[in-house]
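Coordinates as given in start.cif (mmCIF, C-alpha atoms):
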```cif
data_target
loop_
_atom_site.group_PDB
_atom_site.id
_atom_site.type_symbol
_atom_site.label_atom_id
_atom_site.label_comp_id
_atom_site.auth_asym_id
_atom_site.auth_seq_id
_atom_site.Cartn_x
_atom_site.Cartn_y
_atom_site.Cartn_z
ATOM 1 C CA MET A 118 80.008 111.542 112.541
ATOM 2 C CA THR A 119 79.474 114.509 110.232
ATOM 3 C CA THR A 120 78.240 115.162 106.723
ATOM 4 C CA ARG A 121 81.270 115.186 104.458
ATOM 5 C CA LEU A 122 81.784 116.997 101.211
ATOM 6 C CA LYS A 123 83.941 114.200 99.763
ATOM 7 C CA PRO A 124 84.549 110.548 100.696
ATOM 8 C CA TRP A 125 88.098 111.214 101.890
ATOM 9 C CA HIS A 126 87.204 114.071 104.225
ATOM 10 C CA GLY A 127 87.053 113.768 108.008
ATOM 11 C CA VAL A 128 88.427 111.085 110.315
ATOM 12 C CA MET A 129 89.229 108.086 108.124
ATOM 13 C CA VAL A 130 90.523 105.293 110.340
ATOM 14 C CA ALA A 131 93.388 103.210 109.005
ATOM 15 C CA THR A 132 91.879 100.056 110.409
ATOM 16 C CA ALA A 133 93.718 97.360 112.283
ATOM 17 C CA LEU A 134 92.665 93.893 111.193
ATOM 18 C CA PRO A 135 91.493 91.411 113.850
ATOM 19 C CA LEU A 136 93.147 88.024 113.559
ATOM 20 C CA GLY A 137 92.336 84.789 115.329
ATOM 21 C CA GLU A 138 94.867 82.981 117.473
ATOM 22 C CA ASP A 139 95.678 80.920 114.366
ATOM 23 C CA LEU A 140 96.254 84.254 112.535
ATOM 24 C CA SER A 141 93.222 83.786 110.294
ATOM 25 C CA VAL A 142 91.299 86.939 109.369
ATOM 26 C CA ASP A 143 88.220 87.516 111.527
ATOM 27 C CA LEU A 144 85.880 89.133 108.991
ATOM 28 C CA ASP A 145 82.914 89.201 111.375
ATOM 29 C CA GLY A 146 85.070 90.942 113.958
ATOM 30 C CA TYR A 147 86.277 93.390 111.329
ATOM 31 C CA ALA A 148 82.735 94.246 110.262
ATOM 32 C CA GLU A 149 81.784 94.899 113.885
ATOM 33 C CA HIS A 150 84.875 97.061 114.337
ATOM 34 C CA CYS A 151 84.014 99.188 111.301
ATOM 35 C CA ARG A 152 80.453 99.702 112.541
ATOM 36 C CA TRP A 153 81.718 100.601 116.021
ATOM 37 C CA LEU A 154 84.156 103.177 114.639
ATOM 38 C CA VAL A 155 81.421 104.945 112.669
ATOM 39 C CA ALA A 156 79.028 104.777 115.622
ATOM 40 C CA SER A 157 81.781 106.356 117.731
ATOM 41 C CA GLY A 158 81.971 109.380 115.426
ATOM 42 C CA CYS A 159 84.560 108.405 112.820
ATOM 43 C CA ASP A 160 83.712 109.250 109.218
ATOM 44 C CA GLY A 161 85.002 106.124 107.536
ATOM 45 C CA VAL A 162 87.729 103.530 107.258
ATOM 46 C CA VAL A 163 90.836 102.836 105.211
ATOM 47 C CA PRO A 164 91.262 99.055 104.956
ATOM 48 C CA ASN A 165 94.338 97.354 103.528
ATOM 49 C CA GLY A 166 96.851 99.912 104.667
ATOM 50 C CA SER A 167 100.017 99.006 106.526
ATOM 51 C CA LEU A 168 98.082 99.036 109.806
ATOM 52 C CA GLY A 169 95.777 96.457 108.229
ATOM 53 C CA GLU A 170 98.812 94.271 107.442
ATOM 54 C CA TYR A 171 97.863 94.146 103.760
ATOM 55 C CA GLN A 172 101.313 92.911 102.757
ATOM 56 C CA THR A 173 100.644 89.624 104.574
ATOM 57 C CA LEU A 174 97.170 88.970 103.136
ATOM 58 C CA THR A 175 96.284 86.611 100.319
ATOM 59 C CA PRO A 176 94.457 88.183 97.354
ATOM 60 C CA GLU A 177 91.249 86.519 98.527
ATOM 61 C CA GLU A 178 91.651 87.909 102.051
ATOM 62 C CA ARG A 179 92.460 91.374 100.786
ATOM 63 C CA ALA A 180 89.370 91.502 98.574
ATOM 64 C CA SER A 181 87.184 90.147 101.372
ATOM 65 C CA VAL A 182 88.369 92.859 103.768
ATOM 66 C CA VAL A 183 87.191 95.584 101.371
ATOM 67 C CA GLU A 184 83.887 93.845 100.684
ATOM 68 C CA THR A 185 83.306 93.347 104.402
ATOM 69 C CA ALA A 186 83.890 97.022 105.182
ATOM 70 C CA VAL A 187 81.542 98.136 102.400
ATOM 71 C CA ALA A 188 78.818 95.777 103.577
ATOM 72 C CA ALA A 189 79.237 97.031 107.144
ATOM 73 C CA ILE A 190 79.225 100.807 106.652
ATOM 74 C CA GLY A 191 78.677 101.603 102.960
ATOM 75 C CA GLY A 192 81.081 102.220 100.111
ATOM 76 C CA ASP A 193 81.070 105.988 100.530
ATOM 77 C CA ARG A 194 82.822 105.482 103.880
ATOM 78 C CA VAL A 195 85.490 103.043 102.656
ATOM 79 C CA MET A 196 88.723 104.230 101.001
ATOM 80 C CA PRO A 197 90.916 101.143 100.539
ATOM 81 C CA GLY A 198 94.643 101.169 100.205
ATOM 82 C CA VAL A 199 95.514 99.756 96.767
ATOM 83 C CA ALA A 200 99.301 99.664 97.072
ATOM 84 C CA ALA A 201 101.157 96.965 95.181
ATOM 85 C CA TYR A 202 104.636 96.353 93.818
ATOM 86 C CA GLY A 203 103.407 96.816 90.251
ATOM 87 C CA ALA A 204 101.168 99.478 88.736
ATOM 88 C CA LEU A 205 99.041 96.893 86.949
ATOM 89 C CA GLU A 206 98.337 95.081 90.200
ATOM 90 C CA ALA A 207 97.554 98.352 91.975
ATOM 91 C CA ARG A 208 95.135 99.207 89.168
ATOM 92 C CA ARG A 209 93.426 95.836 89.623
ATOM 93 C CA TRP A 210 92.975 96.568 93.336
ATOM 94 C CA ALA A 211 91.524 99.979 92.463
ATOM 95 C CA GLU A 212 89.106 98.267 90.084
ATOM 96 C CA GLN A 213 88.171 95.778 92.805
ATOM 97 C CA ALA A 214 87.464 98.680 95.171
ATOM 98 C CA ARG A 215 85.369 100.393 92.498
ATOM 99 C CA ASP A 216 83.367 97.246 91.801
ATOM 100 C CA ALA A 217 82.808 96.732 95.533
ATOM 101 C CA GLY A 218 81.198 100.177 95.755
ATOM 102 C CA CYS A 219 84.016 102.363 97.077
ATOM 103 C CA GLN A 220 84.223 105.958 95.893
ATOM 104 C CA ALA A 221 87.947 106.654 96.390
ATOM 105 C CA VAL A 222 91.227 104.798 96.922
ATOM 106 C CA MET A 223 94.557 105.559 98.568
ATOM 107 C CA LEU A 224 97.763 104.794 96.674
ATOM 108 C CA LEU A 225 101.427 104.650 97.635
ATOM 109 C CA PRO A 226 104.046 105.284 94.957
ATOM 110 C CA PRO A 227 105.920 102.258 93.594
ATOM 111 C CA ASN A 228 107.554 100.624 96.604
ATOM 112 C CA ALA A 229 109.625 97.771 95.203
ATOM 113 C CA TYR A 230 112.554 100.131 94.588
ATOM 114 C CA ARG A 231 113.420 103.841 94.599
ATOM 115 C CA ALA A 232 111.412 105.039 91.597
ATOM 116 C CA ASP A 233 112.157 108.338 89.867
ATOM 117 C CA ASP A 234 109.583 111.033 89.119
ATOM 118 C CA ARG A 235 108.855 109.741 85.612
ATOM 119 C CA ILE A 236 108.015 106.283 86.923
ATOM 120 C CA VAL A 237 105.918 107.670 89.793
ATOM 121 C CA VAL A 238 103.782 109.672 87.358
ATOM 122 C CA GLU A 239 103.187 106.637 85.154
ATOM 123 C CA HIS A 240 102.303 104.565 88.214
ATOM 124 C CA TYR A 241 99.581 107.005 89.224
ATOM 125 C CA ARG A 242 98.431 107.374 85.616
ATOM 126 C CA GLU A 243 97.879 103.628 85.348
ATOM 127 C CA VAL A 244 95.870 103.382 88.573
ATOM 128 C CA ALA A 245 93.787 106.444 87.685
ATOM 129 C CA LYS A 246 92.437 104.441 84.725
ATOM 130 C CA ALA A 247 90.216 102.588 87.207
ATOM 131 C CA GLY A 248 88.123 105.754 87.304
ATOM 132 C CA LEU A 249 88.085 106.414 91.056
ATOM 133 C CA PRO A 250 89.501 109.510 92.774
ATOM 134 C CA VAL A 251 92.996 108.708 94.012
ATOM 135 C CA VAL A 252 94.462 110.038 97.266
ATOM 136 C CA ALA A 253 98.236 109.719 97.100
ATOM 137 C CA TYR A 254 100.101 108.503 100.151
ATOM 138 C CA ASN A 255 103.485 110.054 100.798
ATOM 139 C CA ASN A 256 105.536 107.783 103.057
ATOM 140 C CA PRO A 257 109.185 108.337 102.112
ATOM 141 C CA PHE A 258 110.399 106.277 105.069
ATOM 142 C CA ASP A 259 108.910 102.984 103.919
ATOM 143 C CA THR A 260 108.783 103.478 100.145
ATOM 144 C CA LYS A 261 112.056 105.431 99.719
ATOM 145 C CA VAL A 262 110.108 107.620 97.291
ATOM 146 C CA ASP A 263 109.326 111.168 98.390
ATOM 147 C CA LEU A 264 106.226 112.743 96.900
ATOM 148 C CA THR A 265 107.591 116.270 97.152
ATOM 149 C CA PRO A 266 105.281 119.262 96.811
ATOM 150 C CA ALA A 267 106.565 119.780 93.255
ATOM 151 C CA LEU A 268 105.869 116.161 92.288
ATOM 152 C CA LEU A 269 102.444 116.275 93.925
ATOM 153 C CA ALA A 270 101.694 119.429 91.948
ATOM 154 C CA ARG A 271 102.578 117.588 88.738
ATOM 155 C CA LEU A 272 100.358 114.629 89.618
ATOM 156 C CA HIS A 273 97.495 116.922 90.539
ATOM 157 C CA GLY A 274 97.990 119.091 87.472
ATOM 158 C CA GLU A 275 97.600 116.024 85.262
ATOM 159 C CA GLY A 276 94.379 115.081 87.066
ATOM 160 C CA LEU A 277 95.818 111.900 88.554
ATOM 161 C CA ILE A 278 95.235 112.635 92.259
ATOM 162 C CA VAL A 279 92.713 114.601 94.306
ATOM 163 C CA GLY A 280 94.562 114.627 97.625
ATOM 164 C CA VAL A 281 97.548 113.363 99.556
ATOM 165 C CA LYS A 282 97.979 111.605 102.847
ATOM 166 C CA GLU A 283 101.079 113.464 104.066
ATOM 167 C CA PHE A 284 103.252 111.295 106.295
ATOM 168 C CA SER A 285 106.632 112.990 105.952
ATOM 169 C CA GLY A 286 106.218 114.596 109.379
ATOM 170 C CA ASP A 287 107.319 117.941 107.928
ATOM 171 C CA VAL A 288 104.433 120.228 108.805
ATOM 172 C CA ARG A 289 105.899 122.972 106.606
ATOM 173 C CA ARG A 290 105.039 121.081 103.446
ATOM 174 C CA ILE A 291 101.322 121.809 103.564
ATOM 175 C CA TYR A 292 102.011 125.474 102.838
ATOM 176 C CA GLU A 293 104.203 124.700 99.824
ATOM 177 C CA ILE A 294 101.646 122.200 98.550
ATOM 178 C CA ALA A 295 98.966 124.894 98.755
ATOM 179 C CA GLU A 296 101.191 127.281 96.793
ATOM 180 C CA LEU A 297 102.202 124.838 94.064
ATOM 181 C CA ALA A 298 98.966 122.844 93.770
ATOM 182 C CA PRO A 299 95.929 124.896 94.752
ATOM 183 C CA GLY A 300 93.014 122.539 95.068
ATOM 184 C CA LEU A 301 95.066 119.500 96.067
ATOM 185 C CA GLU A 302 93.659 118.437 99.420
ATOM 186 C CA VAL A 303 95.941 117.394 102.265
ATOM 187 C CA LEU A 304 95.046 114.683 104.742
ATOM 188 C CA VAL A 305 96.996 114.346 107.976
ATOM 189 C CA GLY A 306 98.998 111.158 107.638
ATOM 190 C CA ALA A 307 100.717 110.828 111.002
ATOM 191 C CA ASP A 308 98.780 110.962 114.253
ATOM 192 C CA ASP A 309 101.391 113.028 116.071
ATOM 193 C CA VAL A 310 101.140 116.074 113.758
ATOM 194 C CA LEU A 311 97.342 116.220 113.680
ATOM 195 C CA LEU A 312 96.964 119.580 115.400
ATOM 196 C CA GLU A 313 99.608 121.366 113.345
ATOM 197 C CA LEU A 314 98.244 120.213 109.977
ATOM 198 C CA ALA A 315 94.602 120.692 110.933
ATOM 199 C CA LEU A 316 95.312 124.312 111.798
ATOM 200 C CA ALA A 317 97.193 124.696 108.512
ATOM 201 C CA GLY A 318 94.285 123.599 106.336
ATOM 202 C CA ALA A 319 94.088 119.804 106.181
ATOM 203 C CA VAL A 320 90.664 118.418 105.249
ATOM 204 C CA GLY A 321 90.975 114.954 106.759
ATOM 205 C CA TRP A 322 92.964 112.595 108.924
ATOM 206 C CA VAL A 323 93.942 109.041 107.989
ATOM 207 C CA SER A 324 94.399 107.970 111.553
ATOM 208 C CA GLY A 325 95.561 104.969 113.534
ATOM 209 C CA PHE A 326 94.721 105.514 117.185
ATOM 210 C CA PRO A 327 90.960 105.887 116.775
ATOM 211 C CA ASN A 328 91.093 102.084 116.549
ATOM 212 C CA ALA A 329 91.563 102.185 120.331
ATOM 213 C CA LEU A 330 90.221 105.585 121.427
ATOM 214 C CA PRO A 331 87.780 106.860 118.797
ATOM 215 C CA THR A 332 85.686 109.233 120.883
ATOM 216 C CA SER A 333 88.627 111.240 122.187
ATOM 217 C CA THR A 334 90.548 111.309 118.915
ATOM 218 C CA VAL A 335 87.461 112.438 117.010
ATOM 219 C CA ALA A 336 86.887 115.162 119.614
ATOM 220 C CA LEU A 337 90.508 116.249 119.118
ATOM 221 C CA TYR A 338 90.075 116.369 115.347
ATOM 222 C CA ARG A 339 86.831 118.342 115.479
ATOM 223 C CA ALA A 340 88.306 120.882 117.909
ATOM 224 C CA ALA A 341 91.482 121.236 115.864
ATOM 225 C CA MET A 342 89.535 121.778 112.650
ATOM 226 C CA ALA A 343 87.415 124.396 114.374
ATOM 227 C CA GLY A 344 90.489 126.209 115.693
ATOM 228 C CA ASP A 345 89.260 125.565 119.236
ATOM 229 C CA LEU A 346 92.650 125.416 120.935
ATOM 230 C CA ALA A 347 91.143 125.575 124.418
ATOM 231 C CA THR A 348 89.659 122.139 123.741
ATOM 232 C CA ALA A 349 92.245 120.737 121.347
ATOM 233 C CA LEU A 350 95.488 121.449 123.194
ATOM 234 C CA PRO A 351 94.699 119.585 126.434
ATOM 235 C CA LEU A 352 93.443 116.603 124.430
ATOM 236 C CA TYR A 353 96.491 116.674 122.184
ATOM 237 C CA ARG A 354 98.873 116.753 125.135
ATOM 238 C CA ALA A 355 97.021 113.914 126.844
ATOM 239 C CA LEU A 356 96.966 111.738 123.724
ATOM 240 C CA HIS A 357 100.388 112.556 122.284
ATOM 241 C CA PRO A 358 102.321 109.857 124.200
ATOM 242 C CA LEU A 359 100.170 107.393 122.259
ATOM 243 C CA LEU A 360 99.797 109.292 118.987
ATOM 244 C CA ARG A 361 103.562 109.357 118.425
ATOM 245 C CA TRP A 362 103.610 105.563 118.201
ATOM 246 C CA ASP A 363 101.822 105.902 114.844
ATOM 247 C CA SER A 364 105.140 107.140 113.414
ATOM 248 C CA LYS A 365 107.261 104.293 114.802
ATOM 249 C CA PRO A 366 108.048 101.000 113.024
ATOM 250 C CA GLU A 367 106.166 99.109 115.755
ATOM 251 C CA PHE A 368 102.956 101.096 115.237
ATOM 252 C CA VAL A 369 100.806 98.072 114.364
ATOM 253 C CA GLN A 370 101.733 96.201 117.541
ATOM 254 C CA ALA A 371 101.409 99.360 119.660
ATOM 255 C CA ILE A 372 97.937 100.228 118.380
ATOM 256 C CA LYS A 373 96.732 96.645 118.724
ATOM 257 C CA LEU A 374 97.993 96.572 122.324
ATOM 258 C CA SER A 375 96.150 99.810 123.089
ATOM 259 C CA MET A 376 93.024 98.307 121.565
ATOM 260 C CA ASP A 377 93.308 95.280 123.847
ATOM 261 C CA LEU A 378 93.717 97.504 126.890
ATOM 262 C CA ALA A 379 90.749 99.660 125.857
ATOM 263 C CA GLY A 380 88.490 96.639 125.592
ATOM 264 C CA ARG A 381 88.674 96.181 121.830
ATOM 265 C CA ARG A 382 90.194 93.167 120.132
ATOM 266 C CA GLY A 383 93.640 94.091 118.881
ATOM 267 C CA GLY A 384 95.216 90.694 119.113
ATOM 268 C CA PRO A 385 98.270 89.311 117.355
ATOM 269 C CA CYS A 386 100.028 90.340 114.157
ATOM 270 C CA ARG A 387 101.147 88.185 111.287
ATOM 271 C CA PRO A 388 104.857 87.555 110.725
ATOM 272 C CA PRO A 389 107.317 89.072 110.195
ATOM 273 C CA ARG A 390 105.977 91.386 112.909
ATOM 274 C CA LEU A 391 106.744 90.157 116.420
ATOM 275 C CA PRO A 392 105.245 91.263 119.748
ATOM 276 C CA LEU A 393 106.677 94.411 121.287
ATOM 277 C CA ILE A 394 109.759 93.966 123.427
ATOM 278 C CA ALA A 395 109.172 94.337 127.162
ATOM 279 C CA GLU A 396 110.291 97.968 127.346
ATOM 280 C CA GLN A 397 108.097 99.017 124.427
ATOM 281 C CA GLU A 398 105.115 97.148 125.782
ATOM 282 C CA ALA A 399 105.522 98.779 129.188
ATOM 283 C CA THR A 400 105.632 102.240 127.599
ATOM 284 C CA VAL A 401 102.517 101.692 125.480
ATOM 285 C CA ARG A 402 100.698 100.027 128.363
ATOM 286 C CA ALA A 403 101.460 102.884 130.765
ATOM 287 C CA ALA A 404 100.413 105.566 128.279
ATOM 288 C CA THR A 405 97.187 103.743 127.417
ATOM 289 C CA GLU A 406 96.259 103.066 131.024
ATOM 290 C CA LYS A 407 96.919 106.709 131.899
ATOM 291 C CA ALA A 408 94.691 107.887 129.049
ATOM 292 C CA LEU A 409 91.916 105.508 130.094
ATOM 293 C CA ALA A 410 92.213 106.598 133.730
ATOM 294 C CA GLU A 411 91.773 110.205 132.599
ATOM 295 C CA GLY A 412 88.506 109.258 130.929
ATOM 296 C CA LEU A 413 89.730 109.168 127.326
ATOM 297 C CA ARG A 414 87.865 106.653 125.219
#
```

Rewrite the structure of this file - the entire thing - as C-alpha cells.
Amino acid sequence: MTTRLKPWHGVMVATALPLGEDLSVDLDGYAEHCRWLVASGCDGVVPNGSLGEYQTLTPEERASVVETAVAAIGGDRVMPGVAAYGALEARRWAEQARDAGCQAVMLLPPNAYRADDRIVVEHYREVAKAGLPVVAYNNPFDTKVDLTPALLARLHGEGLIVGVKEFSGDVRRIYEIAELAPGLEVLVGADDVLLELALAGAVGWVSGFPNALPTSTVALYRAAMAGDLATALPLYRALHPLLRWDSKPEFVQAIKLSMDLAGRRGGPCRPPRLPLIAEQEATVRAATEKALAEGLR
C-alpha cells in the first residue's frame, strides 16, 4: 500500500462479491475481503462493477455494498461503479457514493443502446452534477459505445471527467489520449495489458485478479510503474495465463474460481451467469494451480 496523490491512483481492485449458497450477499465476507486486499498492498476497491455483479443486485444491496466497503477501509479508498441505464439513475448512485463518503466514482457511458457522442456528453454532464470526480470507463465491447480519444478529450475539456479506465485493449490509445487531452489520467482497464500501459504512463489499474493473488499482482504493478522490467517481465509472463481471463466474457466465474483455489471465498455467481464449462474450468484451474505452485500469492 502506498501514499496516493488521488483516490483513483494505484491498484484499485474491481471487487468480486461473495455470495452465500442461497445467492444472498455476504456483507461481512465482503468487508473482510476489502480489508484483506488493502492489507495485502492494494490501494483501494471498486465495488459495483461488472465483476461485482452489480446488474443483479437490488438497490438496497447495491447501496449496502458501497457502505460496507467504506466502513471497512475508508471512503478515500472506495471508487464505486455508478453505471445505470439512465443518466438520472447513475447520478443518484453517484450521490449515494458521495453521501457514503467516497471521493470518486467510475462511470460507463449509456449502455441501454448505442448512444451517439451528444448523448454520451449529456450523460456524463448529468452525473458530474453529484460533485464527485468521475473516472470514465471505456468498454466498447459491452456497452457498444466507444469512448474514443477525441470523445474523451471533449469530456475532459468540459470538466466532466478526470480519468478513464481504458478497456479497449488497444495499447496505442494512451498516446493519442495524452496528445488530445493532456491532464486526463489513464487507468489500466484490462489485466492483460497492464505492463504495456504502465510503461506508457498510466497512473492506476482497475484490476480483477488481485481478488485472488493480490501480493503478486501488486508487485507486478509496482515494478511496471517503476520501469523495472527485470522484475516485471517474469511476473507478467507467469501471471498472464490468468490475467487474460479478465478480458473474456467468463471473467467473473474465472476470477471467483481462482479465488477459491487460492483460499479465498469466490463462490457462486448470480444468474444469468452459469458455472464455467469443463474445459474452461480445467484451464483456469491449471493456470491458478501453476501460479500457486510457483509461489505467487

Evaluating the PyMOL selection byres ((chain A and resi 289) around 12) on the displayed file yields which residues, as a compact mmCIF listing (two decimals) with C-alpha atoms, keeping the file's coordinate frame?
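Final file, expr20.txt:
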```
# COMPACT_ATOMS: atom_id res chain seq x y z
CA THR A 265 107.59 116.27 97.15
CA PRO A 266 105.28 119.26 96.81
CA GLU A 283 101.08 113.46 104.07
CA PHE A 284 103.25 111.30 106.30
CA SER A 285 106.63 112.99 105.95
CA GLY A 286 106.22 114.60 109.38
CA ASP A 287 107.32 117.94 107.93
CA VAL A 288 104.43 120.23 108.80
CA ARG A 290 105.04 121.08 103.45
CA ILE A 291 101.32 121.81 103.56
CA TYR A 292 102.01 125.47 102.84
CA GLU A 293 104.20 124.70 99.82
CA ILE A 294 101.65 122.20 98.55
CA ALA A 295 98.97 124.89 98.76
CA GLU A 296 101.19 127.28 96.79
CA VAL A 310 101.14 116.07 113.76
CA GLU A 313 99.61 121.37 113.34
CA LEU A 314 98.24 120.21 109.98
CA LEU A 316 95.31 124.31 111.80
CA ALA A 317 97.19 124.70 108.51
CA GLY A 318 94.28 123.60 106.34
```

> Need the neighbours of (97.4, 87.9, 116.7): which residues are at most 7 Å away, counting only C-alpha atoms, as an MDAnalysis selection string?
Replying inline: chainID A and resid 136:138 140 384:387

Next, dump the selected residues to file, keeping only C-alpha atoms, as a PDB file, in the frame of the given file.
```pdb
ATOM      1  CA  LEU A 136      93.147  88.024 113.559  1.00  0.00           C
ATOM      2  CA  GLY A 137      92.336  84.789 115.329  1.00  0.00           C
ATOM      3  CA  GLU A 138      94.867  82.981 117.473  1.00  0.00           C
ATOM      4  CA  LEU A 140      96.254  84.254 112.535  1.00  0.00           C
ATOM      5  CA  GLY A 384      95.216  90.694 119.113  1.00  0.00           C
ATOM      6  CA  PRO A 385      98.270  89.311 117.355  1.00  0.00           C
ATOM      7  CA  CYS A 386     100.028  90.340 114.157  1.00  0.00           C
ATOM      8  CA  ARG A 387     101.147  88.185 111.287  1.00  0.00           C
TER       9      ARG A 387
END
```

>> Please return as a PyMOL selection string every residue within 6 Å of (101.0, 107.8, 114.2), taking into account all atoms listed in the file and the file's own coordinates.
In response: chain A and resi 307-309+360-364

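The gap separating atom CA of Ser324 of chain A from atom CA of Phe258 of chain A is 17.3 Å, in Å to one decimal.
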
> Please, what distance in Å, to one decimal, runs between atom CA of Pro227 of chain A and atom CA of Tyr202 of chain A?
Replying inline: 6.0 Å

>> For Val369 of chain A, find every residue with an atom within 8 Å (counting only C-alpha atoms), except residues of its own chain fewer than 3 positions away, and show them as a PyMOL selection string.
In response: chain A and resi 133+167-168+363+366+372-373+386

Run the PyMOL selection byres ((chain A and resi 220) around 9) mentally over the shown coordinates, then write out the matched residues as a compact mmCIF listing (two decimals) with C-alpha atoms, in the frame of the given file, using the chain letters and numbers from the document.
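Written output follows (selection-v2.txt):
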```txt
# COMPACT_ATOMS: atom_id res chain seq x y z
CA PRO A 124 84.55 110.55 100.70
CA TRP A 125 88.10 111.21 101.89
CA GLY A 192 81.08 102.22 100.11
CA ASP A 193 81.07 105.99 100.53
CA ARG A 194 82.82 105.48 103.88
CA VAL A 195 85.49 103.04 102.66
CA MET A 196 88.72 104.23 101.00
CA ALA A 214 87.46 98.68 95.17
CA ARG A 215 85.37 100.39 92.50
CA GLY A 218 81.20 100.18 95.76
CA CYS A 219 84.02 102.36 97.08
CA ALA A 221 87.95 106.65 96.39
CA VAL A 222 91.23 104.80 96.92
CA LEU A 249 88.08 106.41 91.06
CA PRO A 250 89.50 109.51 92.77
```

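Comparing A:Ala253, A:Leu312, A:Gln370, A:Ala204 by their smallest distance to Leu352 of chain A, the closest is A:Leu312 (using all atoms listed in the file).
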
> Of the residues A:Leu297, A:Glu178, A:Asn328, A:Tyr171, which is the one nearest to Arg152 of chain A, using only C-alpha atoms?
Replying inline: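 Smallest distance to Arg152 of chain A is found for A:Asn328.
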
>> Which residues are near segment 396-411 of chain A? Cut-off 8 Å, all atoms listed in the file, ignore same chain within fewer than 3 positions. Put them as a list of chain:residue names.
In response: A:Ala355, A:Leu356, A:Pro358, A:Leu359, A:Ala371, A:Leu374, A:Ser375, A:Leu378, A:Ala379, A:Leu393, A:Arg414

> Which residue, A:Ala395, A:Pro331, A:Gly383, A:Ala201, has the smallest gap to Tyr147 of chain A when you use only C-alpha atoms?
Replying inline: A:Gly383

>> Running the PyMOL selection byres ((chain A and resi 157) around 10) on this model by hand, what would come out? Give it as a PyMOL selection string.
In response: chain A and resi 118+151-156+158-160+327+330-333+335+414

> For the atom pair atom CA of Leu413 of chain A and atom CA of Ala329 of chain A, what is the interatomic distance in Å to one decimal place?
Replying inline: 10.1 Å

> For Asp143 of chain A, which residue out of A:Ser181, A:Asn165, A:Pro389, A:Asp377 is the nearest one, using all atoms listed in the file?
Replying inline: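 For Asp143 of chain A, the nearest of the candidates is A:Ser181.
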
Env of Leu350 of chain A: 9 Å cut, atoms = all atoms listed in the file, seq-sep filter 2 positions within chain, self excluded. Answer as a short mmCIF file (atom, residue, chain, number, x, y, z; two decimals) with C-alpha atoms, in the frame of the given file.
```cif
data_model
loop_
_atom_site.label_atom_id
_atom_site.label_comp_id
_atom_site.auth_asym_id
_atom_site.auth_seq_id
_atom_site.Cartn_x
_atom_site.Cartn_y
_atom_site.Cartn_z
CA LEU A 312 96.96 119.58 115.40
CA LEU A 337 90.51 116.25 119.12
CA ALA A 340 88.31 120.88 117.91
CA ALA A 341 91.48 121.24 115.86
CA ASP A 345 89.26 125.56 119.24
CA LEU A 346 92.65 125.42 120.94
CA ALA A 347 91.14 125.58 124.42
CA THR A 348 89.66 122.14 123.74
CA LEU A 352 93.44 116.60 124.43
CA TYR A 353 96.49 116.67 122.18
CA ARG A 354 98.87 116.75 125.14
CA ALA A 355 97.02 113.91 126.84
#
```

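The shortest atom-to-atom distance to Arg121 of chain A, with only C-alpha atoms taken into account, belongs to A:Gly321 out of A:Arg390, A:Gly321, A:Ala343, A:Glu149.
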
>> Please determine, counting all atoms listed in the file, which residue among A:Pro176, A:Gly380, A:Gly169, A:Gly248 has the shortest atom-to-atom distance to Arg208 of chain A.
In response: A:Gly248

Box in all listed atoms of segment 166-170 of chain A, axis-aligned, with 3 Å more on each side; write out centre and edge lengths in Å to one decimal as lines of an AutoDock Vina configuration file.
```
center_x = 97.9
center_y = 97.1
center_z = 107.2
size_x = 10.2
size_y = 11.6
size_z = 11.1
```
